[in-house]
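First the structure, in the form of structure tokens, and then the observations on it.
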Amino acid sequence: MENYKLVLPEHLNHYGFLFGGNILKWIDEVSYIAVTLDYPGCNFVTVGMDKVEFRKSIRGGTILCFVTEKSRIGETSIEYTVNVFKDSIETGERLIVFSTNITFVCLDEKGRKKAICGSEK
């Protein structure tokens with residue numbers, strides 16, 4: 001699944017670069033959308049995100065592409081790999097700026113872990 005975000009002034013820190021918390025929030029959001037569409041009827045919550053290392057600076061006006069792919073599935077949890085690319089408006093070149101794995105767990109209506117329901121679309 002691919003999603004795009006435009007980095008706006010309200011996303012920048014006091015040095016004029018993308019605030020790291022925004023990229024983490026967007027990763028959580030786009031991967032939640034992916035797992036929810038892959039497994040309709042299941043309720044998922046985020047339980048973890050792997051290594052957080054910002055490889056490249058990101059300025060306002062940058063278009064970011066989030067590529068989300070399923071990487072591991074267990075009985076009650078599922079992991080997605082999210083790669084974030086910076087797309088150049090001038091050249092069309094795509095440069096990876098961030099990558100992580102995010103894990104979700106499936107919960108029942110009382111908030112207890114349960115087996116992942118249904119099959120992938």
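If you're wondering about the labels, chains in the structure tokens are A, B, ... by order shown, residues count from 1 in each chain, ligands from 1 in order shown.
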
Margin query: When you look at stretch 4-9 of chain A with a cut-off of 6 Å (counting only C-alpha atoms), what residues show up, excluding the ones that are within fewer than 2 positions of it in the same chain? I need them as number ranges by chain.
Written below: A: 11-12, 60-65

Show me a table, sorted first by chain and then by increasing residue number, of the residues of stretch 3-63 of chain A having an atom at most 9 Å from stretch 80-90 of chain A, each with its shortest atom pair and the distance in Å to one decimal, counting only C-alpha atoms and written as a tab-separated table.
residue	atom	partner	partner_atom	distance
A:Ile23	CA	A:Val84	CA	8.8
A:Ile27	CA	A:Val82	CA	6.9
A:Val30	CA	A:Val82	CA	8.8
A:Ser31	CA	A:Tyr80	CA	6.9
A:Ala34	CA	A:Tyr80	CA	8.7
A:Val35	CA	A:Tyr80	CA	8.2
A:Ile58	CA	A:Lys86	CA	7.9
A:Thr62	CA	A:Lys86	CA	6.8
A:Ile63	CA	A:Asp87	CA	5.7

Item checked: Residues within 10 Å of A:Asp50, only C-alpha atoms, excluding chain neighbours under 6 positions, as number ranges by chain -> A: 81, 99-103

Just write the chosen residues, N, CA and C atoms, as an mmCIF file, in the first residue's frame.
data_model
loop_
_atom_site.group_PDB
_atom_site.id
_atom_site.type_symbol
_atom_site.label_atom_id
_atom_site.label_comp_id
_atom_site.auth_asym_id
_atom_site.auth_seq_id
_atom_site.Cartn_x
_atom_site.Cartn_y
_atom_site.Cartn_z
ATOM 1 N N THR A 81 6.250 -3.720 7.516
ATOM 2 C CA THR A 81 7.431 -2.906 7.261
ATOM 3 C C THR A 81 6.963 -1.651 6.546
ATOM 4 N N SER A 99 12.853 3.938 7.709
ATOM 5 C CA SER A 99 12.312 2.588 7.595
ATOM 6 C C SER A 99 12.139 2.014 8.990
ATOM 7 N N THR A 100 11.053 1.306 9.200
ATOM 8 C CA THR A 100 10.823 0.655 10.489
ATOM 9 C C THR A 100 9.828 -0.481 10.313
ATOM 10 N N ASN A 101 9.736 -1.315 11.327
ATOM 11 C CA ASN A 101 8.690 -2.334 11.411
ATOM 12 C C ASN A 101 7.761 -1.929 12.540
ATOM 13 N N ILE A 102 6.478 -2.114 12.309
ATOM 14 C CA ILE A 102 5.473 -1.779 13.314
ATOM 15 C C ILE A 102 4.611 -3.015 13.556
ATOM 16 N N THR A 103 4.329 -3.290 14.823
ATOM 17 C CA THR A 103 3.578 -4.481 15.198
ATOM 18 C C THR A 103 2.242 -4.093 15.813
#

Notebook entry, point to check: Taking the backbone alone, and naming residues the way the document does, which bits of chain A are helix (DSSP H, G or I) by DSSP, as a VMD selection string?
Noted result: chain A and resid 9 to 11 20 to 38

Notebook entry, point to check: Please, which residues of chain A, numbered as in this document, come out strand (DSSP E or B) from DSSP, as a ChimeraX atom specification?
Noted result: /A:2-6,12,17-18,43-49,59,63-73,77-87,94-107,113

Item checked: A:Lys113, A:Cys106, A:Phe44, A:Ser71 ranked by distance to A:Tyr32, top pick (using only C-alpha atoms) -> A:Phe44

Note to self: Can you tell me which residues surround A:Lys56 at a distance of at most 10 Å, considering only C-alpha atoms, apart from same-chain residues fewer than 4 positions away, and format the answer as JSON, numbers by chain?
What the structure shows: {"A": [86, 95, 96, 97, 98]}

Could the residues in this selection be written to a file with N, CA, C and O atoms, as a CSV table (one decimal), in the first residue's frame?
chain,number,residue,atom,x,y,z
A,86,LYS,N,11.4,10.1,0.1
A,86,LYS,CA,11.3,11.5,-0.2
A,86,LYS,C,11.3,11.5,-1.8
A,86,LYS,O,12.3,11.1,-2.4
A,95,LEU,N,14.2,8.8,-2.8
A,95,LEU,CA,15.3,8.5,-1.8
A,95,LEU,C,14.7,8.0,-0.5
A,95,LEU,O,13.8,8.7,0.0
A,96,ILE,N,15.1,6.9,0.0
A,96,ILE,CA,14.6,6.4,1.3
A,96,ILE,C,15.1,7.3,2.4
A,96,ILE,O,16.3,7.6,2.5
A,97,VAL,N,14.2,7.7,3.3
A,97,VAL,CA,14.6,8.6,4.4
A,97,VAL,C,14.3,7.9,5.8
A,97,VAL,O,14.8,8.4,6.8
A,98,PHE,N,13.5,6.9,5.8
A,98,PHE,CA,13.2,6.3,7.1
A,98,PHE,C,12.6,4.9,6.8
A,98,PHE,O,11.9,4.7,5.8

Note to self: Considering only C-alpha atoms, can you say which of A:Arg55, A:Val47, A:Ile33, A:Lys114 comes closest to A:Asn3?
What the structure shows: A:Ile33
